[in-house]
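Asker: Have a look at the structure that comes next, please.
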Amino acid sequence: MRRGFTLIELLVVIGIISVLIAVLVPSLAAAKRTAQRTRCLANLRGLEMAQQMYAGANDNALLDAGDGSYDVPGSWIGILQPYSGNPLIRRCPSDQSPYFDSPDTDLSPAVVRLTSYGLSNYVTPSHAPLGTTPPAKITQIANAASVIQFVELAETGSYAVADHVHVDDFYFSLLPNTTLQRICGQMPVGRHGGTLNSWNGVLNYGFVDGHAESLPLQRAYASPTQNLFNPAVAQ
């Protein structure tokens, strides 16, 4: 006669399976996040390579952010597309913004999110901070390997459908403790690792020289005089 499992044996098996699941699930989640970060970096490298080709065809010109164009052909990513050998991927695989599918109705007219990525205004000729002399050409940035050009945009809020960030607004001298909060309003800090909305939160960045890199926020921006956005202070 065949003997079935006893209740104790079944409980032991269930316990072992539970332990294995507890061990494997975090590993699978980490592997998924790593894969998404890598794919996002590839997207940024594609943008940077297209920028390099664009510069080569336009007297070393830096790409400029738009002035209210809310469709792909009229946006900076539409301008870059002809200079890329492959379709530029506009969306980070980790991006859960609702505005890709439904427009942001807080704006008039309502606007959809064109891309997960935006430009730093420090290297965007027509949107540079007041009081600075913006570079118009890549060759005017001596430390191009240290200067961030492309960033990831916040998924919700006023920057969800923007095409560039205002780095000069990160720090407010009257309320310096709000710096992290202000940064998180423009970029999804922690999307690719570290702690969400914290100084060790990781994002991907594209640099003027053409490479892309994953960095904790505190490495990309610590203060107005210590950051990788402003060519005058980036190291």
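Quick note on naming: the chains in the structure tokens go A, B, ... in the order shown, residues restart at 1 in each chain, and ligands are numbered from 1 in order of appearance.
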Please produce, as CSV, a per-residue contact table for region 171-234 of chain A versus region 137-149 of chain A (criterion: any atom at most 12 Å away, only C-alpha atoms considered), showing the nearest atom pair and its distance in Å to one decimal, sorted by chain then residue number.
Answerer:
```
residue,atom,partner,partner_atom,distance
A:Leu203,CA,A:Ile148,CA,11.8
A:Asn204,CA,A:Ile148,CA,10.0
A:Tyr205,CA,A:Ile148,CA,6.4
A:Gly206,CA,A:Gln149,CA,5.7
A:Phe207,CA,A:Ile148,CA,4.4
A:Val208,CA,A:Ala144,CA,5.0
A:Asp209,CA,A:Ala145,CA,4.9
A:Gly210,CA,A:Ala145,CA,7.7
A:His211,CA,A:Ala145,CA,7.5
A:Ala212,CA,A:Ile148,CA,8.9
A:Glu213,CA,A:Ile148,CA,9.6
A:Ser214,CA,A:Ile148,CA,11.4
A:Leu215,CA,A:Ile148,CA,11.0
A:Arg219,CA,A:Ser146,CA,11.1
A:Ala220,CA,A:Ile148,CA,8.2
A:Tyr221,CA,A:Ile148,CA,10.3
A:Gln226,CA,A:Val147,CA,11.8
A:Asn227,CA,A:Val147,CA,8.7
A:Leu228,CA,A:Val147,CA,5.1
A:Phe229,CA,A:Ile148,CA,5.1
A:Asn230,CA,A:Val147,CA,6.9
A:Pro231,CA,A:Val147,CA,5.9
A:Ala232,CA,A:Ile141,CA,9.0
A:Val233,CA,A:Val147,CA,9.2
A:Ala234,CA,A:Ser146,CA,6.0
```
Asker: Leaving out region 88-96 of chain A and any residue of its chain fewer than 6 positions from it, which residues lie within 8 Å of it when counting only C-alpha atoms, given as a PDB file with N, CA and C atoms, in the first residue's frame?
Answerer:
```pdb
ATOM      1  N   ARG A  33      15.988  45.023 -11.601  1.00  0.00           N
ATOM      2  CA  ARG A  33      16.351  46.433 -11.514  1.00  0.00           C
ATOM      3  C   ARG A  33      17.679  46.707 -12.208  1.00  0.00           C
ATOM      4  N   GLN A  36      17.042  46.743 -15.930  1.00  0.00           N
ATOM      5  CA  GLN A  36      16.382  47.983 -16.342  1.00  0.00           C
ATOM      6  C   GLN A  36      17.355  49.151 -16.331  1.00  0.00           C
ATOM      7  N   ARG A  37      18.230  49.200 -15.323  1.00  0.00           N
ATOM      8  CA  ARG A  37      19.233  50.270 -15.277  1.00  0.00           C
ATOM      9  C   ARG A  37      20.168  50.188 -16.482  1.00  0.00           C
ATOM     10  N   ARG A  39      19.514  48.851 -19.456  1.00  0.00           N
ATOM     11  CA  ARG A  39      18.787  49.250 -20.665  1.00  0.00           C
ATOM     12  C   ARG A  39      18.620  50.762 -20.726  1.00  0.00           C
ATOM     13  N   CYS A  40      18.381  51.388 -19.581  1.00  0.00           N
ATOM     14  CA  CYS A  40      18.261  52.841 -19.532  1.00  0.00           C
ATOM     15  C   CYS A  40      19.586  53.504 -19.908  1.00  0.00           C
ATOM     16  N   ASN A  43      19.902  53.500 -23.532  1.00  0.00           N
ATOM     17  CA  ASN A  43      19.091  54.574 -24.121  1.00  0.00           C
ATOM     18  C   ASN A  43      19.847  55.898 -24.107  1.00  0.00           C
ATOM     19  N   GLY A  46      22.606  56.029 -26.551  1.00  0.00           N
ATOM     20  CA  GLY A  46      22.073  56.297 -27.884  1.00  0.00           C
ATOM     21  C   GLY A  46      21.813  57.774 -28.104  1.00  0.00           C
ATOM     22  N   LEU A  47      21.278  58.447 -27.092  1.00  0.00           N
ATOM     23  CA  LEU A  47      21.048  59.885 -27.191  1.00  0.00           C
ATOM     24  C   LEU A  47      22.365  60.636 -27.331  1.00  0.00           C
ATOM     25  N   ILE A  77      14.350  65.557 -29.087  1.00  0.00           N
ATOM     26  CA  ILE A  77      14.581  64.158 -29.435  1.00  0.00           C
ATOM     27  C   ILE A  77      14.200  63.906 -30.897  1.00  0.00           C
ATOM     28  N   GLN A  81      16.800  62.445 -33.915  1.00  0.00           N
ATOM     29  CA  GLN A  81      16.508  61.163 -34.552  1.00  0.00           C
ATOM     30  C   GLN A  81      17.222  60.950 -35.895  1.00  0.00           C
ATOM     31  N   LEU A 114       6.724  62.990 -23.628  1.00  0.00           N
ATOM     32  CA  LEU A 114       7.393  62.534 -24.836  1.00  0.00           C
ATOM     33  C   LEU A 114       8.521  61.557 -24.547  1.00  0.00           C
ATOM     34  N   THR A 115       9.163  61.722 -23.404  1.00  0.00           N
ATOM     35  CA  THR A 115      10.353  60.936 -23.121  1.00  0.00           C
ATOM     36  C   THR A 115      10.656  60.938 -21.627  1.00  0.00           C
ATOM     37  N   SER A 116      11.405  59.933 -21.198  1.00  0.00           N
ATOM     38  CA  SER A 116      11.857  59.862 -19.808  1.00  0.00           C
ATOM     39  C   SER A 116      13.020  60.804 -19.546  1.00  0.00           C
ATOM     40  N   TYR A 117      13.588  61.369 -20.599  1.00  0.00           N
ATOM     41  CA  TYR A 117      14.857  62.078 -20.484  1.00  0.00           C
ATOM     42  C   TYR A 117      14.735  63.561 -20.808  1.00  0.00           C
ATOM     43  N   GLU A 155       8.560  61.560 -12.793  1.00  0.00           N
ATOM     44  CA  GLU A 155       7.431  60.912 -13.457  1.00  0.00           C
ATOM     45  C   GLU A 155       6.125  61.686 -13.309  1.00  0.00           C
ATOM     46  N   ARG A 191      15.554  55.883  -8.629  1.00  0.00           N
ATOM     47  CA  ARG A 191      14.917  54.968  -9.578  1.00  0.00           C
ATOM     48  C   ARG A 191      15.766  53.729  -9.824  1.00  0.00           C
TER      49      ARG A 191
END
```
Asker: With distances taken over only C-alpha atoms, which residue among A:Gly66, A:Pro109, A:Pro216, A:Pro129 lies nearest Trp199 (chain A)?
Answerer: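 Once distances to Trp199 (chain A) are computed over only C-alpha atoms, the minimum belongs to A:Pro216.
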Asker: Would you mind listing what lies within 12 Å of Asp169 (chain A) as an NGL selection string, with only C-alpha atoms counted and same-chain residues fewer than 5 positions away left out?
Answerer: :A and (120-122 or 128-130 or 175-176 or 178-186 or 223-224)
Asker: Could you pull out the helix (DSSP H, G or I) residues of region 2-235 of chain A from DSSP and send them as a VMD selection string?
Answerer: chain A and resid 7 to 57 72 to 74 76 to 83 98 to 100 121 to 123 125 to 127 138 to 140 144 to 146 167 to 169 176 to 184 217 to 220
